$ cat entry27.csv   # CSV, C-alpha atoms and all ligand atoms
chain,number,residue,atom,x,y,z
A,1279,MET,CA,123.0,-15.5,100.3
A,1280,ALA,CA,121.0,-14.9,103.4
A,1281,ILE,CA,117.9,-12.8,104.1
A,1282,LEU,CA,118.4,-10.8,107.3
A,1283,VAL,CA,115.4,-9.8,109.5
A,1284,THR,CA,116.3,-7.1,111.9
A,1285,GLY,CA,114.3,-6.5,115.1
A,1286,ALA,CA,113.4,-10.1,114.9
A,1287,THR,CA,112.1,-10.1,118.5
A,1288,GLY,CA,109.9,-7.1,117.6
A,1289,ASN,CA,106.3,-7.5,116.8
A,1290,ILE,CA,106.5,-7.3,113.0
A,1291,GLY,CA,110.0,-8.6,112.6
A,1292,ARG,CA,109.1,-11.9,114.3
A,1293,LYS,CA,106.1,-12.2,112.0
A,1294,VAL,CA,108.3,-11.5,108.9
A,1295,VAL,CA,110.4,-14.5,109.9
A,1296,ASP,CA,107.3,-16.7,110.0
A,1297,GLN,CA,106.1,-15.4,106.7
A,1298,LEU,CA,109.4,-16.1,105.0
A,1299,VAL,CA,109.4,-19.6,106.4
A,1300,LEU,CA,105.8,-20.1,105.2
A,1301,ARG,CA,106.8,-19.1,101.7
A,1302,GLY,CA,109.7,-21.5,101.6
A,1303,ALA,CA,112.5,-19.1,102.0
A,1304,THR,CA,115.8,-20.7,103.1
A,1305,ASP,CA,118.9,-19.1,104.6
A,1306,ILE,CA,116.9,-16.8,106.9
A,1307,ARG,CA,118.9,-14.9,109.5
A,1308,ALA,CA,117.3,-13.2,112.5
A,1309,LEU,CA,119.0,-10.4,114.3
A,1310,THR,CA,117.9,-10.4,117.9
A,1311,VAL,CA,119.1,-9.3,121.3
A,1312,ASP,CA,117.6,-12.4,122.8
A,1313,PRO,CA,117.5,-15.5,120.6
A,1314,ALA,CA,115.7,-17.5,123.3
A,1315,LYS,CA,112.8,-15.0,123.5
A,1316,ALA,CA,112.5,-14.9,119.7
A,1317,ALA,CA,111.5,-18.7,119.8
A,1318,LEU,CA,112.5,-18.9,116.1
A,1319,PRO,CA,111.3,-21.6,113.8
A,1320,ALA,CA,113.7,-24.5,113.2
A,1321,GLY,CA,116.2,-23.7,110.5
A,1322,VAL,CA,116.3,-20.0,111.1
A,1323,GLU,CA,119.7,-18.7,112.1
A,1324,ALA,CA,119.7,-16.4,115.1
A,1325,VAL,CA,122.4,-13.8,115.3
A,1326,ARG,CA,122.7,-12.0,118.6
A,1327,GLY,CA,122.7,-8.3,118.0
A,1328,SER,CA,120.6,-5.2,117.7
A,1329,LEU,CA,119.9,-2.2,115.5
A,1330,ARG,CA,120.6,-0.2,118.6
A,1331,ARG,CA,124.1,-1.6,118.8
A,1332,PRO,CA,125.7,-0.9,115.4
A,1333,GLY,CA,128.9,-2.7,116.5
A,1334,THR,CA,127.0,-5.9,116.2
A,1335,LEU,CA,126.0,-5.3,112.6
A,1336,PRO,CA,129.0,-6.1,110.5
A,1337,ALA,CA,129.0,-9.7,111.6
A,1338,ALA,CA,125.2,-10.0,111.1
A,1339,PHE,CA,125.4,-8.5,107.6
A,1340,GLU,CA,128.1,-10.9,106.4
A,1341,GLY,CA,126.7,-12.9,103.4
A,1342,VAL,CA,123.4,-11.0,103.4
A,1343,ASP,CA,121.9,-9.7,100.2
A,1344,ARG,CA,118.4,-8.7,101.3
A,1345,MET,CA,117.0,-7.4,104.6
A,1346,TYR,CA,113.9,-6.3,106.4
A,1347,LEU,CA,114.7,-3.1,108.3
A,1348,ALA,CA,112.5,-2.6,111.4
A,1349,SER,CA,111.4,1.0,112.2
A,1350,ILE,CA,114.2,2.8,114.0
A,1351,HIS,CA,114.3,6.4,115.0
A,1352,HIS,CA,118.0,6.8,115.7
A,1353,GLY,CA,121.1,5.6,113.9
A,1354,VAL,CA,119.4,4.6,110.7
A,1355,ASP,CA,122.1,6.3,108.6
A,1356,GLU,CA,124.7,4.2,110.3
A,1357,VAL,CA,122.7,1.0,109.8
A,1358,VAL,CA,122.3,1.5,106.1
A,1359,GLU,CA,125.9,2.4,105.7
A,1360,PHE,CA,126.9,-0.9,107.3
A,1361,ALA,CA,124.5,-2.7,105.0
A,1362,ARG,CA,125.9,-1.0,101.9
A,1363,ALA,CA,129.5,-1.8,102.9
A,1364,ALA,CA,128.5,-5.5,103.5
A,1365,GLY,CA,127.0,-5.7,99.9
A,1366,VAL,CA,123.3,-5.8,100.8
A,1367,ARG,CA,121.4,-5.2,97.6
A,1368,HIS,CA,117.8,-4.8,98.7
A,1369,ILE,CA,116.2,-3.3,101.8
A,1370,VAL,CA,112.5,-3.7,102.7
A,1371,ASP,CA,111.9,-1.1,105.3
A,1372,LEU,CA,109.0,-0.2,107.7
A,1373,SER,CA,108.8,3.5,107.3
A,1374,GLY,CA,106.6,6.3,106.2
A,1375,GLU,CA,106.2,9.2,103.7
A,1376,PRO,CA,109.2,11.4,103.6
A,1377,ASP,CA,107.5,14.2,105.6
A,1378,SER,CA,106.1,11.8,108.2
A,1379,TRP,CA,107.4,10.7,111.7
A,1380,TRP,CA,109.0,7.7,110.0
A,1381,GLY,CA,110.2,9.5,106.9
A,1382,ALA,CA,113.8,9.7,108.0
A,1383,ILE,CA,114.0,5.9,107.6
A,1384,ALA,CA,112.8,6.0,104.0
A,1385,ARG,CA,115.2,8.9,103.2
A,1386,ALA,CA,118.2,7.2,104.7
A,1387,VAL,CA,117.5,3.9,102.8
A,1388,GLU,CA,117.1,5.8,99.5
A,1389,GLY,CA,120.2,7.8,100.2
A,1390,SER,CA,122.2,4.6,100.6
A,1391,GLY,CA,122.0,3.7,96.9
A,1392,ILE,CA,120.7,0.2,97.9
A,1393,ALA,CA,117.5,-0.9,96.1
A,1394,TRP,CA,114.5,-0.4,98.4
A,1395,THR,CA,110.9,-1.3,99.0
A,1396,HIS,CA,109.1,1.0,101.5
A,1397,LEU,CA,106.2,-0.3,103.6
A,1398,TRP,CA,104.1,2.6,104.7
A,1399,PRO,CA,101.3,1.3,106.9
A,1400,GLY,CA,98.6,3.4,108.5
A,1401,ASP,CA,97.0,2.5,111.8
A,1402,PHE,CA,97.8,-1.0,113.2
A,1403,MET,CA,95.0,-3.3,114.4
A,1404,GLU,CA,97.4,-4.1,117.3
A,1405,ASN,CA,97.3,-0.4,118.4
A,1406,THR,CA,93.9,-1.2,119.9
A,1407,GLY,CA,95.9,-3.0,122.5
A,1408,MET,CA,96.4,0.3,124.2
A,1409,TRP,CA,92.8,-0.1,125.4
A,1410,ALA,CA,93.4,-3.4,127.1
A,1411,GLN,CA,94.2,-1.9,130.5
A,1412,GLN,CA,91.1,0.3,130.7
A,1413,ILE,CA,88.9,-2.5,129.4
A,1414,ARG,CA,90.1,-4.8,132.1
A,1415,ALA,CA,89.9,-2.2,134.8
A,1416,THR,CA,86.7,-0.4,133.9
A,1417,GLY,CA,84.9,-2.3,131.1
A,1418,ALA,CA,85.0,0.8,128.9
A,1419,VAL,CA,87.1,2.7,126.4
A,1420,ARG,CA,87.4,6.4,126.8
A,1421,GLU,CA,88.0,8.5,123.7
A,1422,PRO,CA,86.7,11.9,122.3
A,1423,ASP,CA,85.0,10.8,119.1
A,1424,PRO,CA,83.3,7.4,118.6
A,1425,GLY,CA,82.7,8.2,114.9
A,1426,ALA,CA,86.3,9.0,114.0
A,1427,GLY,CA,87.7,6.2,111.8
A,1428,SER,CA,90.8,4.6,110.5
A,1429,THR,CA,91.7,1.7,108.2
A,1430,PRO,CA,93.8,-0.5,110.5
A,1431,ILE,CA,95.9,-3.2,109.1
A,1432,ALA,CA,97.0,-6.5,110.8
A,1433,MET,CA,100.7,-6.8,111.5
A,1434,ASP,CA,100.5,-10.3,110.0
A,1435,ASP,CA,99.6,-8.6,106.7
A,1436,ILE,CA,102.4,-6.1,106.9
A,1437,ALA,CA,104.8,-9.0,107.5
A,1438,ALA,CA,103.3,-11.0,104.6
A,1439,VAL,CA,103.9,-8.1,102.3
A,1440,ALA,CA,107.5,-7.7,103.6
A,1441,ALA,CA,108.2,-11.4,103.0
A,1442,VAL,CA,106.8,-11.3,99.4
A,1443,ALA,CA,108.8,-8.1,98.6
A,1444,LEU,CA,111.9,-9.8,99.9
A,1445,ILE,CA,111.6,-13.1,97.9
A,1446,GLU,CA,109.7,-12.2,94.8
A,1447,GLU,CA,110.7,-9.9,91.9
A,1448,GLY,CA,109.0,-6.7,91.0
A,1449,HIS,CA,109.0,-4.8,94.3
A,1450,ARG,CA,112.2,-2.7,94.1
A,1451,GLY,CA,111.7,1.0,94.0
A,1452,ARG,CA,108.1,0.7,95.2
A,1453,ALA,CA,106.6,2.5,98.2
A,1454,TYR,CA,103.5,0.7,99.4
A,1455,GLU,CA,100.8,2.5,101.4
A,1456,LEU,CA,99.3,-0.3,103.4
A,1457,THR,CA,95.8,-0.3,104.9
A,1458,GLY,CA,93.3,-2.7,106.2
A,1459,PRO,CA,90.4,-3.7,104.1
A,1460,GLU,CA,87.8,-1.4,105.6
A,1461,LYS,CA,87.3,1.9,107.4
A,1462,LEU,CA,86.1,1.4,111.0
A,1463,SER,CA,85.1,4.0,113.5
A,1464,ARG,CA,86.5,3.8,117.1
A,1465,ALA,CA,83.1,2.7,118.3
A,1466,GLU,CA,83.0,-0.1,115.7
A,1467,LEU,CA,86.4,-1.3,116.8
A,1468,VAL,CA,85.3,-1.5,120.4
A,1469,ARG,CA,82.1,-3.4,119.3
A,1470,GLU,CA,84.2,-5.9,117.4
A,1471,ILE,CA,86.5,-6.5,120.4
A,1472,ALA,CA,83.5,-6.9,122.6
A,1473,ALA,CA,81.9,-9.4,120.2
A,1474,ALA,CA,85.1,-11.4,120.0
A,1475,LEU,CA,85.3,-11.5,123.8
A,1476,GLY,CA,81.6,-12.2,124.2
A,1477,ARG,CA,81.2,-9.4,126.7
A,1478,THR,CA,80.0,-5.8,126.8
A,1479,ILE,CA,82.5,-2.9,126.5
A,1480,ASP,CA,81.2,0.7,126.7
A,1481,PHE,CA,82.4,3.6,124.7
A,1482,VAL,CA,82.6,6.6,126.9
A,1483,ARG,CA,83.0,10.0,125.2
A,1484,VAL,CA,85.5,12.1,127.0
A,1485,THR,CA,87.7,15.1,126.3
A,1486,PRO,CA,91.2,14.7,124.8
A,1487,GLU,CA,92.7,15.5,128.2
A,1488,GLU,CA,90.6,12.7,129.9
A,1489,THR,CA,91.7,10.4,127.0
A,1490,VAL,CA,95.3,11.0,127.9
A,1491,ARG,CA,94.6,10.3,131.5
A,1492,ALA,CA,92.8,7.0,130.6
A,1493,LEU,CA,95.7,5.9,128.3
A,1494,ARG,CA,98.6,7.0,130.6
A,1495,PRO,CA,98.6,3.8,132.8
A,1496,ALA,CA,99.1,1.8,129.6
A,1497,MET,CA,101.2,4.2,127.5
A,1498,GLY,CA,103.0,6.5,129.9
A,1499,ASP,CA,104.2,9.7,128.3
A,1500,ASN,CA,103.4,8.3,124.8
A,1501,ALA,CA,99.7,8.9,125.7
A,1502,GLN,CA,99.9,12.6,125.1
A,1503,TRP,CA,101.9,12.1,121.9
A,1504,TYR,CA,99.3,9.6,120.7
A,1505,VAL,CA,96.3,11.8,121.4
A,1506,ASP,CA,97.9,14.9,119.9
A,1507,ASN,CA,99.4,13.3,116.8
A,1508,VAL,CA,97.2,10.3,116.0
A,1509,LEU,CA,93.7,10.7,117.5
A,1510,VAL,CA,93.1,14.4,116.9
A,1511,GLY,CA,92.3,14.6,113.2
A,1512,LEU,CA,92.3,10.9,112.7
A,1513,ASP,CA,89.7,11.0,109.9
A,1514,GLU,CA,91.8,13.6,107.9
A,1515,HIS,CA,95.1,11.7,108.0
A,1516,THR,CA,93.6,8.2,107.5
A,1517,LEU,CA,94.1,6.6,104.1
A,1518,PRO,CA,91.1,5.2,102.4
A,1519,PRO,CA,91.1,1.4,102.3
A,1520,ASN,CA,93.1,0.0,99.5
A,1521,ARG,CA,93.8,-3.4,98.0
A,1522,VAL,CA,97.6,-3.4,98.1
A,1523,VAL,CA,97.9,-6.2,100.6
A,1524,GLU,CA,95.6,-8.4,98.5
A,1525,GLU,CA,97.4,-7.6,95.3
A,1526,ILE,CA,100.8,-8.4,96.7
A,1527,VAL,CA,100.0,-11.3,99.0
A,1528,GLY,CA,97.3,-12.9,96.8
A,1529,ARG,CA,94.6,-13.2,99.5
A,1530,PRO,CA,92.2,-10.6,101.0
A,1531,ALA,CA,93.6,-8.5,103.8
A,1532,THR,CA,92.6,-9.5,107.3
A,1533,THR,CA,89.4,-7.9,108.6
A,1534,PHE,CA,89.3,-6.4,112.1
A,1535,ALA,CA,86.7,-9.0,113.0
A,1536,GLN,CA,89.1,-11.8,111.9
A,1537,TRP,CA,91.9,-10.2,113.8
A,1538,ALA,CA,89.8,-9.9,116.9
A,1539,ALA,CA,88.6,-13.5,116.7
A,1540,ARG,CA,92.2,-14.6,116.6
A,1541,TYR,CA,93.8,-12.1,119.1
A,1542,ALA,CA,91.2,-10.6,121.4
A,1543,THR,CA,91.7,-13.0,124.3
A,1544,GLU,CA,95.5,-12.5,124.0
A,1545,PHE,CA,95.2,-8.8,124.0
A,1546,PHE,CA,92.1,-8.0,126.1
A,1547,GLY,CA,91.2,-11.1,128.0
A,1548,GLU,CA,91.5,-11.2,131.8
A,1549,ALA,CA,94.7,-13.2,131.5
A,1550,GLY,CA,95.8,-11.6,128.3
A,1551,SER,CA,99.5,-11.2,127.8
A,1552,ARG,CA,99.8,-8.8,124.8
A,1553,GLY,CA,97.7,-5.7,125.4
A,1554,ARG,CA,99.0,-2.7,127.2
A,1601,LIG,N1,101.9,4.1,110.5
A,1601,LIG,C1,102.5,3.6,111.6
A,1601,LIG,O1,101.8,3.4,112.6
A,1601,LIG,C2,103.9,3.3,111.5
A,1601,LIG,C3,104.6,3.4,110.4
A,1601,LIG,C4,105.9,3.0,110.3
A,1601,LIG,C5,106.5,2.6,111.5
A,1601,LIG,N2,105.9,2.6,112.6
A,1601,LIG,C6,106.6,2.1,113.8
A,1601,LIG,O2,106.6,0.7,113.7
A,1601,LIG,C7,106.8,0.2,115.0
A,1601,LIG,C8,105.9,-1.0,115.1
A,1601,LIG,O3,106.5,-2.1,114.6
A,1601,LIG,P1,107.0,-3.2,115.6
A,1601,LIG,O4,105.9,-3.4,116.7
A,1601,LIG,O5,107.4,-4.4,114.8
A,1601,LIG,O6,108.2,-2.6,116.3
A,1601,LIG,P2,108.9,-3.0,117.7
A,1601,LIG,O7,108.6,-4.4,117.9
A,1601,LIG,O8,108.5,-2.0,118.7
A,1601,LIG,O9,110.4,-2.7,117.3
A,1601,LIG,C9,111.0,-3.5,116.3
A,1601,LIG,C10,112.5,-3.4,116.4
A,1601,LIG,O10,113.0,-2.1,116.2
A,1601,LIG,C11,114.1,-1.9,117.1
A,1601,LIG,N3,113.7,-0.7,117.9
A,1601,LIG,C12,112.6,-0.4,118.5
A,1601,LIG,N4,112.7,0.8,119.1
A,1601,LIG,C13,113.9,1.2,118.8
A,1601,LIG,C14,114.6,2.4,119.2
A,1601,LIG,N5,114.0,3.4,120.0
A,1601,LIG,N6,115.9,2.6,118.7
A,1601,LIG,C15,116.4,1.6,118.0
A,1601,LIG,N7,115.8,0.5,117.6
A,1601,LIG,C16,114.6,0.3,118.0
A,1601,LIG,C17,114.3,-3.1,117.9
A,1601,LIG,O11,115.3,-3.8,117.3
A,1601,LIG,P3,116.4,-4.6,118.2
A,1601,LIG,O12,115.7,-5.7,118.8
A,1601,LIG,O13,117.4,-4.9,117.2
A,1601,LIG,O14,116.9,-3.6,119.2
A,1601,LIG,C18,113.0,-3.8,117.8
A,1601,LIG,O15,113.0,-5.1,118.0
A,1601,LIG,C19,106.5,1.3,116.0
A,1601,LIG,O16,107.8,1.8,116.5
A,1601,LIG,C20,105.9,2.4,115.1
A,1601,LIG,O17,106.2,3.6,115.6
A,1601,LIG,C21,104.6,2.9,112.7

$ encode --input "entry27.csv" --output "structure tokens"
Amino acid sequence: MAILVTGATGNIGRKVVDQLVLRGATDIRALTVDPAKAALPAGVEAVRGSLRRPGTLPAAFEGVDRMYLASIHHGVDEVVEFARAAGVRHIVDLSGEPDSWWGAIARAVEGSGIAWTHLWPGDFMENTGMWAQQIRATGAVREPDPGAGSTPIAMDDIAAVAAVALIEEGHRGRAYELTGPEKLSRAELVREIAAALGRTIDFVRVTPEETVRALRPAMGDNAQWYVDNVLVGLDEHTLPPNRVVEEIVGRPATTFAQWAARYATEFFGEAGSRGR
């Protein structure tokens, strides 16, 4: 029986494929709109399709007993109904607490009657990529509160947890709140990025309105949502660092310094391809 990874050209989905391969899983199927772009490892079966096009799902679900469900905001009920009808027995989903922005995913998966493992991450290290445009253009990051902190997690670690939950026993019926290994202020994040790039990046304290203006070229209309829902009150809705990644994956979670050493050039360098 196959393991299906949905959103396999997405950021975390693509990493879930890699983490499954790394752990020796066989019979991995990747659902992707563009198999060429996914650049999948040898031996992984690419199925052309998308969570956004439910008509493509019955064929993709054939012979699947476990799946990684990427975060989708619309149509999740239909997706899990197709999964149930196809005989899928375990869904590992990227979602959030029932009353959160991503709670509908967790509720739909639980409502399907299929066994589930919920992955509930906090801030992603990759979210700092929203600063890439202003770092390149101005050499600075503009935000209201340099001392506000979060416990960002690397997408590689979320994907590793997803892979372990899919292939090892003992994770069904568990909701995992996933954090990085340390709480870091916004100013500390900027300092780590600067250190990894070997350059100076200023932190400029501005109003929330100016923060939205600074982020708009990179994020468009999402800038306002981000400032209102994530940045304002960041300390209060940040989970303290926990050891869930380490307990499940069997190695310490990636620190932000390690993440920056690996990805800063890709995200924030002059010729970077990933940051926004
Ligand atoms: N605490 C958190 O920050 C938190 C918690 C849970 C979830 N999330 C969400 O997780 C996502 C980040 O993960 P990621 O970077 O791996 O995601 P991503 O690459 O943006 O998307 C993953 C896949 O989900 C599908 N998808 C994306 N947007 C969709 C939409 N509007 N409607 C239907 N399907 C959609 C696509 O699948 P197809 O290729 O099949 O179309 C895509 O490949 C963000 O969307 C974030 O909001 C965040």

$ closest_atom_pairs --input "entry27.csv" --of "region 1431-1494 of chain A" --to "region 1511-1533 of chain A" --cutoff "10 Å" --atoms "all atoms listed in the file" --output "tab-separated table"
residue	atom	partner	partner_atom	distance
A:Ile1431	CA	A:Thr1532	CA	7.3
A:Ala1432	CA	A:Thr1532	CA	6.4
A:Met1433	CA	A:Thr1532	CA	9.5
A:Asp1434	CA	A:Thr1532	CA	8.4
A:Asp1435	CA	A:Ala1531	CA	6.7
A:Ile1436	CA	A:Val1523	CA	7.7
A:Ala1438	CA	A:Val1527	CA	6.5
A:Val1439	CA	A:Val1527	CA	6.0
A:Ala1440	CA	A:Val1527	CA	9.5
A:Ala1441	CA	A:Val1527	CA	9.1
A:Val1442	CA	A:Val1527	CA	6.8
A:Ala1443	CA	A:Ile1526	CA	8.2
A:Glu1446	CA	A:Ile1526	CA	9.9
A:His1449	CA	A:Ile1526	CA	9.3
A:Tyr1454	CA	A:Val1522	CA	7.3
A:Glu1455	CA	A:Val1522	CA	7.5
A:Leu1456	CA	A:Val1522	CA	6.4
A:Thr1457	CA	A:Pro1519	CA	5.6
A:Gly1458	CA	A:Pro1519	CA	6.1
A:Pro1459	CA	A:Pro1519	CA	5.5
A:Glu1460	CA	A:Pro1519	CA	5.4
A:Lys1461	CA	A:Pro1519	CA	6.4
A:Ser1463	CA	A:Asp1513	CA	9.1

$ closest_residue --input "entry27.csv" --among "A:Pro1495, A:Gly1407, A:Gly1427, A:Gly1374" --to "Trp1537 (chain A)" --atoms "all atoms listed in the file"
A:Gly1407

$ closest_atom_pairs --input "entry27.csv" --of "chain A" --to "ligand LIG 1601 (chain A)" --cutoff "8 Å" --atoms "all atoms listed in the file" --output "Markdown table"
| residue | atom | partner | partner_atom | distance |
| --- | --- | --- | --- | --- |
| A:Thr1284 | CA | A:LIG1601 | O13 | 5.8 |
| A:Gly1285 | CA | A:LIG1601 | O15 | 3.5 |
| A:Ala1286 | CA | A:LIG1601 | O15 | 5.9 |
| A:Thr1287 | CA | A:LIG1601 | O15 | 5.1 |
| A:Gly1288 | CA | A:LIG1601 | O7 | 3.0 |
| A:Asn1289 | CA | A:LIG1601 | O5 | 3.8 |
| A:Ile1290 | CA | A:LIG1601 | O5 | 3.5 |
| A:Gly1291 | CA | A:LIG1601 | O5 | 5.4 |
| A:Arg1292 | CA | A:LIG1601 | O5 | 7.7 |
| A:Leu1309 | CA | A:LIG1601 | O13 | 6.4 |
| A:Thr1310 | CA | A:LIG1601 | O12 | 5.3 |
| A:Val1311 | CA | A:LIG1601 | O12 | 5.5 |
| A:Gly1327 | CA | A:LIG1601 | O13 | 6.3 |
| A:Ser1328 | CA | A:LIG1601 | O13 | 3.3 |
| A:Leu1329 | CA | A:LIG1601 | O13 | 4.1 |
| A:Arg1330 | CA | A:LIG1601 | C15 | 4.6 |
| A:Arg1331 | CA | A:LIG1601 | O14 | 7.5 |
| A:Ala1348 | CA | A:LIG1601 | O10 | 4.9 |
| A:Ser1349 | CA | A:LIG1601 | O2 | 5.0 |
| A:Ile1350 | CA | A:LIG1601 | N7 | 4.6 |
| A:His1351 | CA | A:LIG1601 | N6 | 5.5 |
| A:His1352 | CA | A:LIG1601 | N6 | 5.6 |
| A:Gly1353 | CA | A:LIG1601 | C15 | 7.4 |
| A:Leu1372 | CA | A:LIG1601 | C4 | 5.2 |
| A:Ser1373 | CA | A:LIG1601 | C4 | 4.2 |
| A:Gly1374 | CA | A:LIG1601 | C4 | 5.3 |
| A:Trp1379 | CA | A:LIG1601 | C3 | 7.9 |
| A:Trp1380 | CA | A:LIG1601 | C4 | 5.6 |
| A:Leu1397 | CA | A:LIG1601 | C4 | 7.5 |
| A:Trp1398 | CA | A:LIG1601 | C3 | 5.8 |
| A:Pro1399 | CA | A:LIG1601 | N1 | 4.6 |
| A:Gly1400 | CA | A:LIG1601 | N1 | 3.9 |
| A:Asp1401 | CA | A:LIG1601 | O1 | 4.9 |
| A:Phe1402 | CA | A:LIG1601 | O1 | 6.0 |
| A:Met1433 | CA | A:LIG1601 | O5 | 7.8 |

$ closest_residue --input "entry27.csv" --among "A:Ala1539, A:Gly1333, A:Ser1428, A:Phe1339" --to "Ala1473 (chain A)" --atoms "only C-alpha atoms"
A:Ala1539

$ atom_distance --input "entry27.csv" --atom1 "CA of Ile1413 (chain A)" --atom2 "CA of Thr1429 (chain A)"
21.8 Å

$ closest_residue --input "entry27.csv" --among "A:Ala1437, A:Glu1470, A:Thr1334, A:Gly1341" --to "Arg1301 (chain A)" --atoms "only C-alpha atoms"
A:Ala1437

$ decode --input "entry27.csv" --residues "region 1469-1481 of chain A" --atoms "N, CA and C atoms" --output "PDB file, in the first residue's frame"
ATOM      1  N   ARG A1469      19.527  39.449  13.786  1.00  0.00           N
ATOM      2  CA  ARG A1469      20.981  39.317  14.045  1.00  0.00           C
ATOM      3  C   ARG A1469      21.532  38.000  13.513  1.00  0.00           C
ATOM      4  N   GLU A1470      20.773  36.925  13.694  1.00  0.00           N
ATOM      5  CA  GLU A1470      21.236  35.609  13.209  1.00  0.00           C
ATOM      6  C   GLU A1470      21.316  35.586  11.679  1.00  0.00           C
ATOM      7  N   ILE A1471      20.344  36.196  11.038  1.00  0.00           N
ATOM      8  CA  ILE A1471      20.368  36.242   9.561  1.00  0.00           C
ATOM      9  C   ILE A1471      21.587  37.041   9.105  1.00  0.00           C
ATOM     10  N   ALA A1472      21.825  38.189   9.765  1.00  0.00           N
ATOM     11  CA  ALA A1472      22.971  39.031   9.397  1.00  0.00           C
ATOM     12  C   ALA A1472      24.280  38.271   9.598  1.00  0.00           C
ATOM     13  N   ALA A1473      24.373  37.540  10.713  1.00  0.00           N
ATOM     14  CA  ALA A1473      25.606  36.780  10.991  1.00  0.00           C
ATOM     15  C   ALA A1473      25.821  35.715   9.917  1.00  0.00           C
ATOM     16  N   ALA A1474      24.743  35.052   9.518  1.00  0.00           N
ATOM     17  CA  ALA A1474      24.878  33.991   8.514  1.00  0.00           C
ATOM     18  C   ALA A1474      25.283  34.570   7.157  1.00  0.00           C
ATOM     19  N   LEU A1475      24.811  35.793   6.885  1.00  0.00           N
ATOM     20  CA  LEU A1475      25.145  36.427   5.598  1.00  0.00           C
ATOM     21  C   LEU A1475      26.485  37.156   5.658  1.00  0.00           C
ATOM     22  N   GLY A1476      26.993  37.387   6.885  1.00  0.00           N
ATOM     23  CA  GLY A1476      28.247  38.129   7.036  1.00  0.00           C
ATOM     24  C   GLY A1476      28.084  39.595   6.674  1.00  0.00           C
ATOM     25  N   ARG A1477      26.928  40.160   7.034  1.00  0.00           N
ATOM     26  CA  ARG A1477      26.686  41.581   6.739  1.00  0.00           C
ATOM     27  C   ARG A1477      25.897  42.204   7.885  1.00  0.00           C
ATOM     28  N   THR A1478      25.661  43.500   7.783  1.00  0.00           N
ATOM     29  CA  THR A1478      24.870  44.191   8.800  1.00  0.00           C
ATOM     30  C   THR A1478      23.427  44.322   8.316  1.00  0.00           C
ATOM     31  N   ILE A1479      22.489  44.055   9.207  1.00  0.00           N
ATOM     32  CA  ILE A1479      21.085  44.336   8.907  1.00  0.00           C
ATOM     33  C   ILE A1479      20.524  45.112  10.099  1.00  0.00           C
ATOM     34  N   ASP A1480      19.995  46.295   9.851  1.00  0.00           N
ATOM     35  CA  ASP A1480      19.446  47.100  10.946  1.00  0.00           C
ATOM     36  C   ASP A1480      18.032  46.653  11.283  1.00  0.00           C
ATOM     37  N   PHE A1481      17.677  46.821  12.555  1.00  0.00           N
ATOM     38  CA  PHE A1481      16.282  46.643  12.952  1.00  0.00           C
ATOM     39  C   PHE A1481      15.723  48.043  13.181  1.00  0.00           C
TER      40      PHE A1481
END
